[in-house]
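**Q** TSV, C-alpha atoms, saved as start_28.tsv, coming up:
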chain	number	residue	atom	x	y	z
K	266	MET	CA	57.66	121.24	152.36
K	267	MET	CA	60.67	123.21	153.46
K	268	ILE	CA	62.73	122.39	156.54
K	269	GLY	CA	62.07	124.92	159.29
K	270	ASN	CA	60.07	128.09	159.03
K	271	GLU	CA	62.19	129.97	156.52
K	272	ALA	CA	63.65	128.99	153.17
K	273	ARG	CA	67.44	128.58	153.04
K	274	VAL	CA	69.61	130.64	150.76
K	275	ARG	CA	70.75	127.38	149.14
K	276	PRO	CA	69.28	123.87	149.02
K	277	TYR	CA	70.60	121.15	151.30
K	278	LYS	CA	73.23	119.07	149.54
K	279	VAL	CA	72.60	115.31	149.26
K	280	LEU	CA	75.30	112.71	148.52
K	281	VAL	CA	73.94	109.34	147.35
K	282	VAL	CA	76.02	106.21	148.01
K	283	ASP	CA	74.56	103.11	146.38
K	284	ASP	CA	76.06	100.42	144.17
K	285	HIS	CA	73.03	100.30	141.84
K	286	PRO	CA	73.05	102.98	139.09
K	287	ILE	CA	69.28	102.76	138.67
K	288	VAL	CA	68.75	103.55	142.36
K	289	ARG	CA	71.10	106.54	142.18
K	290	ARG	CA	69.26	107.78	139.10
K	291	GLY	CA	65.90	107.35	140.81
K	292	LEU	CA	67.00	109.37	143.84
K	293	ARG	CA	68.52	112.02	141.58
K	294	GLU	CA	65.22	112.44	139.72
K	295	LEU	CA	63.26	112.38	142.98
K	296	VAL	CA	65.36	115.08	144.63
K	297	ALA	CA	65.29	117.23	141.46
K	298	ASP	CA	61.62	118.02	142.20
K	299	GLU	CA	62.39	119.34	145.68
K	300	PRO	CA	63.42	123.03	145.87
K	301	ASP	CA	65.13	122.65	149.25
K	302	LEU	CA	67.26	119.62	148.25
K	303	GLU	CA	69.87	118.95	145.56
K	304	ILE	CA	72.13	116.03	144.64
K	305	CYS	CA	75.75	117.12	145.00
K	306	GLY	CA	77.40	113.79	144.21
K	307	GLU	CA	77.11	110.02	143.79
K	308	ALA	CA	79.29	107.04	144.69
K	309	GLU	CA	79.13	103.26	144.49
K	310	ASP	CA	81.85	102.35	147.00
K	311	VAL	CA	83.46	103.55	150.23
K	312	ALA	CA	86.56	105.12	148.67
K	313	GLU	CA	84.60	107.18	146.15
K	314	ALA	CA	82.09	108.19	148.82
K	315	LEU	CA	84.86	109.57	151.03
K	316	ARG	CA	86.36	111.45	148.10
K	317	GLN	CA	82.97	112.94	147.24
K	318	LEU	CA	82.46	113.82	150.89
K	319	ASP	CA	85.62	115.92	150.86
K	320	GLU	CA	84.85	117.56	147.52
K	321	THR	CA	81.15	118.35	147.94
K	322	GLU	CA	80.70	118.73	151.74
K	323	PRO	CA	77.13	117.36	151.73
K	324	ASP	CA	74.56	118.10	154.40
K	325	VAL	CA	73.24	114.53	154.30
K	326	VAL	CA	74.59	111.25	152.91
K	327	VAL	CA	72.06	108.59	151.87
K	328	ILE	CA	73.84	105.24	152.24
K	329	ASP	CA	72.99	101.71	151.15
K	330	LEU	CA	74.48	98.96	153.31
K	331	THR	CA	75.62	96.79	150.41
K	332	LEU	CA	78.26	98.67	148.44
K	333	LYS	CA	80.68	97.73	145.70
K	334	GLY	CA	83.68	96.17	147.42
K	335	GLY	CA	82.63	97.19	150.90
K	336	HIS	CA	79.88	97.75	153.42
K	337	GLY	CA	77.81	100.75	154.43
K	338	LEU	CA	78.56	100.24	158.13
K	339	ASP	CA	82.26	100.78	157.42
K	340	LEU	CA	81.46	104.00	155.57
K	341	ILE	CA	79.25	105.27	158.40
K	342	GLN	CA	81.99	104.67	160.94
K	343	LYS	CA	84.60	106.38	158.74
K	344	ILE	CA	82.41	109.44	158.23
K	345	LYS	CA	81.64	109.65	161.95
K	346	ALA	CA	85.35	109.42	162.77
K	347	ARG	CA	85.98	112.49	160.61
K	348	GLY	CA	83.67	114.60	162.73
K	349	GLY	CA	81.65	117.39	161.18
K	350	ASN	CA	77.92	117.97	160.90
K	351	THR	CA	77.06	115.71	157.96
K	352	LYS	CA	73.96	113.63	158.67
K	353	MET	CA	73.77	110.00	157.55
K	354	LEU	CA	70.57	108.26	156.47
K	355	VAL	CA	70.61	104.55	155.60
K	356	SER	CA	68.33	103.43	152.77
K	357	SER	CA	68.49	99.67	152.37
K	358	MET	CA	66.63	96.44	151.60
K	359	HIS	CA	68.25	94.77	154.63
K	360	ASP	CA	66.11	93.74	157.57
K	361	GLU	CA	65.44	96.87	159.63
K	362	SER	CA	65.05	94.91	162.87
K	363	LEU	CA	68.60	93.61	162.50
K	364	PHE	CA	70.42	96.61	161.04
K	365	ALA	CA	68.67	99.80	162.14
K	366	GLU	CA	70.05	99.87	165.67
K	367	ARG	CA	73.51	98.91	164.44
K	368	THR	CA	73.58	101.79	161.97
K	369	LEU	CA	72.49	104.24	164.68
K	370	ARG	CA	75.26	103.02	166.99
K	371	ALA	CA	77.74	103.40	164.11
K	372	GLY	CA	76.78	107.05	163.59
K	373	ALA	CA	73.76	107.24	161.28
K	374	VAL	CA	70.67	109.17	162.38
K	375	GLY	CA	68.05	107.38	160.31
K	376	TYR	CA	67.10	104.11	158.64
K	377	ILE	CA	64.49	103.69	155.91
K	378	SER	CA	63.60	100.66	153.83
K	379	LYS	CA	63.90	100.94	150.05
K	380	GLN	CA	60.40	99.50	149.90
K	381	GLU	CA	58.97	102.73	151.30
K	382	SER	CA	57.32	105.28	149.02
K	383	PRO	CA	59.39	108.08	147.42
K	384	GLU	CA	57.55	110.62	149.58
K	385	LYS	CA	58.74	108.87	152.75
K	386	ILE	CA	62.36	108.88	151.59
K	387	ILE	CA	62.19	112.64	151.06
K	388	ASP	CA	60.49	113.01	154.45
K	389	ALA	CA	63.27	110.95	156.06
K	390	MET	CA	65.93	113.23	154.55
K	391	ARG	CA	64.17	116.30	155.89
K	392	GLN	CA	63.73	114.81	159.33
K	393	VAL	CA	67.41	113.98	159.79
K	394	LEU	CA	68.41	117.36	158.36
K	395	SER	CA	66.21	119.01	160.99
K	396	GLY	CA	68.08	117.19	163.74
K	397	LYS	CA	65.65	114.33	164.33
K	398	ILE	CA	66.15	110.56	164.17
K	399	TYR	CA	64.16	108.75	161.49
K	400	LEU	CA	62.91	105.18	162.00
K	401	SER	CA	59.77	103.32	161.04
K	402	ALA	CA	57.04	103.35	163.69
K	403	ARG	CA	57.58	99.62	164.22
K	404	MET	CA	61.31	99.99	164.82
K	405	ALA	CA	60.91	103.03	167.05
K	406	ASP	CA	58.42	101.08	169.16
K	407	ARG	CA	60.82	98.15	169.40
K	408	LEU	CA	63.66	100.35	170.64
K	409	LEU	CA	61.41	102.02	173.18
K	410	ARG	CA	60.29	98.61	174.45
K	411	ARG	CA	63.92	97.59	174.78
K	412	VAL	CA	64.69	100.69	176.82
K	413	ALA	CA	61.64	100.01	178.99
K	414	GLY	CA	62.71	96.40	179.48
K	415	GLY	CA	59.67	94.99	177.76
K	416	GLU	CA	61.26	93.35	174.73
K	417	SER	CA	60.79	89.63	174.25
K	418	PRO	CA	63.72	87.59	175.62
K	419	ASP	CA	63.63	85.37	172.50
K	420	LYS	CA	66.53	87.05	170.75
K	421	ASP	CA	67.45	85.84	167.29
K	422	PRO	CA	70.98	84.32	167.34
K	423	ILE	CA	72.00	86.36	164.30
K	424	GLU	CA	71.69	89.52	166.41
K	425	ASN	CA	74.69	88.29	168.40
K	426	LEU	CA	76.98	88.68	165.38
K	427	SER	CA	79.31	91.66	165.35
K	428	ASN	CA	79.15	94.17	162.49
K	429	ARG	CA	82.20	92.57	160.87
K	430	GLU	CA	80.74	89.08	161.23
K	431	LEU	CA	77.55	90.28	159.54
K	432	GLU	CA	79.63	91.64	156.65
K	433	VAL	CA	81.42	88.30	156.31
K	434	LEU	CA	78.12	86.40	156.49
K	435	GLU	CA	76.69	88.56	153.72
K	436	MET	CA	79.71	88.01	151.48
K	437	ILE	CA	79.58	84.25	152.08
K	438	GLY	CA	75.93	84.39	151.05
K	439	GLN	CA	76.92	86.23	147.88
K	440	GLY	CA	79.15	83.29	146.97
K	441	LEU	CA	82.54	84.81	147.79
K	442	ALA	CA	85.37	82.54	148.91
K	443	THR	CA	87.46	83.28	151.99
K	444	LYS	CA	90.33	84.71	149.91
K	445	GLN	CA	87.97	87.04	148.05
K	446	ILE	CA	86.38	88.26	151.28
K	447	ALA	CA	89.81	88.92	152.74
K	448	GLY	CA	90.73	91.02	149.70
K	449	LYS	CA	87.54	93.07	149.78
K	450	LEU	CA	87.82	93.80	153.50
K	451	ASN	CA	91.61	94.26	153.46
K	452	LEU	CA	92.01	91.57	156.09
K	453	SER	CA	94.13	88.42	156.24
K	454	TYR	CA	92.89	85.01	155.16
K	455	LYS	CA	93.37	83.80	158.74
K	456	THR	CA	91.24	86.64	160.13
K	457	ILE	CA	88.34	85.76	157.82
K	458	GLU	CA	88.63	82.10	158.78
K	459	THR	CA	88.41	83.17	162.44
K	460	HIS	CA	85.26	85.18	161.66
K	461	ARG	CA	83.77	82.17	159.89
K	462	GLU	CA	84.36	79.98	162.94
K	463	LYS	CA	82.82	82.54	165.27
K	464	ILE	CA	79.76	82.84	163.02
K	465	LYS	CA	79.29	79.07	162.99
K	466	THR	CA	79.53	78.96	166.78
K	467	LYS	CA	77.08	81.82	167.34
K	468	LEU	CA	74.55	80.43	164.85
K	469	ASN	CA	75.00	76.81	165.97
K	470	LEU	CA	76.15	75.69	162.53
K	471	HIS	CA	78.29	72.58	162.37
K	472	ASN	CA	80.31	72.88	159.17
K	473	SER	CA	81.10	75.10	156.19
K	474	SER	CA	78.29	73.64	154.09
K	475	GLU	CA	75.69	74.62	156.69
K	476	LEU	CA	77.26	78.07	156.93
K	477	SER	CA	77.10	78.56	153.16
K	478	ARG	CA	73.46	77.44	152.94
K	479	HIS	CA	72.46	79.59	155.89
K	480	ALA	CA	74.28	82.65	154.51
K	481	THR	CA	72.85	82.19	151.02
K	482	GLN	CA	69.30	81.90	152.33
K	483	TRP	CA	69.84	84.95	154.54
K	484	VAL	CA	71.01	87.05	151.59
K	485	LEU	CA	68.15	85.83	149.37
K	486	GLU	CA	65.67	86.84	152.05
K	487	GLY	CA	67.10	90.35	152.09
K	488	GLY	CA	69.09	90.12	155.29
K	489	SER	CA	66.26	88.68	157.37
K	490	SER	CA	66.71	85.70	159.64
K	491	PRO	CA	66.54	82.32	157.88
K	492	ARG	CA	65.58	79.05	159.48
K	493	LYS	CA	68.47	76.91	160.51
K	494	PRO	CA	69.20	74.31	157.78
Output the file's structure in the form of structure tokens.
**A**
Amino acid sequence: MMIGNEARVRPYKVLVVDDHPIVRRGLRELVADEPDLEICGEAEDVAEALRQLDETEPDVVVIDLTLKGGHGLDLIQKIKARGGNTKMLVSSMHDESLFAERTLRAGAVGYISKQESPEKIIDAMRQVLSGKIYLSARMADRLLRRVAGGESPDKDPIENLSNRELEVLEMIGQGLATKQIAGKLNLSYKTIETHREKIKTKLNLHNSSELSRHATQWVLEGGSSPRKP
């Protein structure tokens, strides 16, 4: 199905940013069957994605949240800061209820789980290219309920974390030490320690061991909310 009523002179260009080669290959093969879409580039980290963005000028960037040496939220914010008309669609295994709204606020216009069918991923690309926002029906309903004031007041504590604190929590869950996290995020050791303390306070965790267990469980569950240890 083409976007709009008339075929374009050229296909829409798609840049894929994902740290898993097999995922990039799968999307490349998927898009190859679509006459109105074409892969113009691939990247596994933020720096390469920005370079590809300049070189290929894609119409849409499909972004995973977990990237090599960085985070998709950072990339979304950097692309938004550059201006332009490039659309951003997040495709991730992370919990949609926790990350979808954050990615929209950062500048993306769609969020789709990697567990969805290939047909839905293509549909999501076309929807954002046509100027619409793409979310699952469940997430769209949740946001509408929030706007209407009907959302449950029982908010998960992890939703109180800032985007940076979520990045740090994820890296702790991946087994990275404070010094390693500081290097990956280009921040000081002291800044990461401050983030760690804020995370513990917001999640009501009492020490570093509880933080590590909580973060590890959270990562293993795909970015969903674990029970407090």
**Q** Please write as a PyMOL selection string the list of polymer residues whose atoms come within 12 Å of (76.0, 94.1, 169.2), counting all atoms listed in the file and keeping to the coordinates of the file.
**A** chain K and resi 363-371+420+422-431
**Q** In the coordinate frame of the file, compute which residues have an atom within 12 Å of (65.0, 98.9, 155.5) when using all atoms listed in the file, and state them as a PDB file with C-alpha atoms, in the coordinates of the input.
**A**
ATOM      1  CA  ILE K 328      73.840 105.240 152.240  1.00  0.00           C
ATOM      2  CA  ASP K 329      72.990 101.710 151.150  1.00  0.00           C
ATOM      3  CA  LEU K 330      74.480  98.960 153.310  1.00  0.00           C
ATOM      4  CA  THR K 331      75.620  96.790 150.410  1.00  0.00           C
ATOM      5  CA  LEU K 354      70.570 108.260 156.470  1.00  0.00           C
ATOM      6  CA  VAL K 355      70.610 104.550 155.600  1.00  0.00           C
ATOM      7  CA  SER K 356      68.330 103.430 152.770  1.00  0.00           C
ATOM      8  CA  SER K 357      68.490  99.670 152.370  1.00  0.00           C
ATOM      9  CA  MET K 358      66.630  96.440 151.600  1.00  0.00           C
ATOM     10  CA  HIS K 359      68.250  94.770 154.630  1.00  0.00           C
ATOM     11  CA  ASP K 360      66.110  93.740 157.570  1.00  0.00           C
ATOM     12  CA  GLU K 361      65.440  96.870 159.630  1.00  0.00           C
ATOM     13  CA  SER K 362      65.050  94.910 162.870  1.00  0.00           C
ATOM     14  CA  LEU K 363      68.600  93.610 162.500  1.00  0.00           C
ATOM     15  CA  PHE K 364      70.420  96.610 161.040  1.00  0.00           C
ATOM     16  CA  ALA K 365      68.670  99.800 162.140  1.00  0.00           C
ATOM     17  CA  GLU K 366      70.050  99.870 165.670  1.00  0.00           C
ATOM     18  CA  THR K 368      73.580 101.790 161.970  1.00  0.00           C
ATOM     19  CA  GLY K 375      68.050 107.380 160.310  1.00  0.00           C
ATOM     20  CA  TYR K 376      67.100 104.110 158.640  1.00  0.00           C
ATOM     21  CA  ILE K 377      64.490 103.690 155.910  1.00  0.00           C
ATOM     22  CA  SER K 378      63.600 100.660 153.830  1.00  0.00           C
ATOM     23  CA  LYS K 379      63.900 100.940 150.050  1.00  0.00           C
ATOM     24  CA  GLN K 380      60.400  99.500 149.900  1.00  0.00           C
ATOM     25  CA  GLU K 381      58.970 102.730 151.300  1.00  0.00           C
ATOM     26  CA  SER K 382      57.320 105.280 149.020  1.00  0.00           C
ATOM     27  CA  ILE K 386      62.360 108.880 151.590  1.00  0.00           C
ATOM     28  CA  TYR K 399      64.160 108.750 161.490  1.00  0.00           C
ATOM     29  CA  LEU K 400      62.910 105.180 162.000  1.00  0.00           C
ATOM     30  CA  SER K 401      59.770 103.320 161.040  1.00  0.00           C
ATOM     31  CA  ARG K 403      57.580  99.620 164.220  1.00  0.00           C
ATOM     32  CA  MET K 404      61.310  99.990 164.820  1.00  0.00           C
ATOM     33  CA  GLY K 487      67.100  90.350 152.090  1.00  0.00           C
ATOM     34  CA  GLY K 488      69.090  90.120 155.290  1.00  0.00           C
ATOM     35  CA  SER K 489      66.260  88.680 157.370  1.00  0.00           C
TER      36      SER K 489
END
**Q** Between CA of His285 in chain K and CA of Gly335 in chain K, what distance in Å does the model show, to one decimal?
**A**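 Answer for the CA of His285 in chain K to CA of Gly335 in chain K separation: 13.6 Å.
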**Q** For a quick check of understanding, using only C-alpha atoms, which of K:Leu332, K:Ile387, K:Ala373, K:Val274 has the smallest distance to Asp298 in chain K?
**A**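 Closest residue, counting only C-alpha atoms: K:Ile387.
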**Q** Around all the atoms of range 429-443 of chain K listed in the file, draw an axis-aligned box and extend it by 5 Å on each of the six sides; I want its centre and edge lengths in Å to one decimal, as AutoDock Vina command-line options.
**A**
--center_x 81.7 --center_y 87.6 --center_z 154.1 --size_x 21.5 --size_y 20.0 --size_z 24.3
**Q** Skip Ile446 in chain K itself and residues of its chain fewer than 2 positions away, then list as a short mmCIF file (atom, residue, chain, number, x, y, z; two decimals) with C-alpha atoms, keeping the file's coordinate frame all residues within 8 Å of it, counting all atoms listed in the file.
**A**
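Written out: part37.cif:
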data_model
loop_
_atom_site.label_atom_id
_atom_site.label_comp_id
_atom_site.auth_asym_id
_atom_site.auth_seq_id
_atom_site.Cartn_x
_atom_site.Cartn_y
_atom_site.Cartn_z
CA VAL K 433 81.42 88.30 156.31
CA MET K 436 79.71 88.01 151.48
CA ILE K 437 79.58 84.25 152.08
CA LEU K 441 82.54 84.81 147.79
CA ALA K 442 85.37 82.54 148.91
CA THR K 443 87.46 83.28 151.99
CA LYS K 444 90.33 84.71 149.91
CA GLY K 448 90.73 91.02 149.70
CA LYS K 449 87.54 93.07 149.78
CA LEU K 450 87.82 93.80 153.50
CA ILE K 457 88.34 85.76 157.82
#
**Q** Return the single residue from K:Arg407, K:Ile464, K:Pro383, K:Glu475 that is closest to Glu294 in chain K, with distances computed using only C-alpha atoms.
**A** K:Pro383
**Q** Just the number, please: distance in Å from CA of Cys305 in chain K to CA of Lys385 in chain K, one decimal.
**A**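 For CA of Cys305 in chain K relative to CA of Lys385 in chain K, the distance reads 20.4 Å.
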**Q** Which one is closest to His336 in chain K: K:Glu303, K:Thr481, K:Lys352, K:Glu435? Count only C-alpha atoms.
**A**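 Among the listed residues, the smallest separation from His336 in chain K belongs to K:Glu435.
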**Q** Quick one: of K:Ser477, K:Asn469, K:Gly306, K:Gly334, who's nearest to Thr321 in chain K, counting all atoms listed in the file?
**A**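 Answer, going by the shortest atom-to-atom distance: K:Gly306.
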**Q** Between CA of Ala480 in chain K and CA of Glu462 in chain K, what distance in Å does the model show, to one decimal?
**A**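 Distance between the two atoms: 13.4 Å.
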**Q** With only C-alpha atoms as the counted atoms, please give the residues lying no more than 9 Å from Leu292 in chain K, apart from itself and same-chain residues fewer than 5 positions off, as a PyMOL selection string.
**A** chain K and resi 281+287+297+304+383
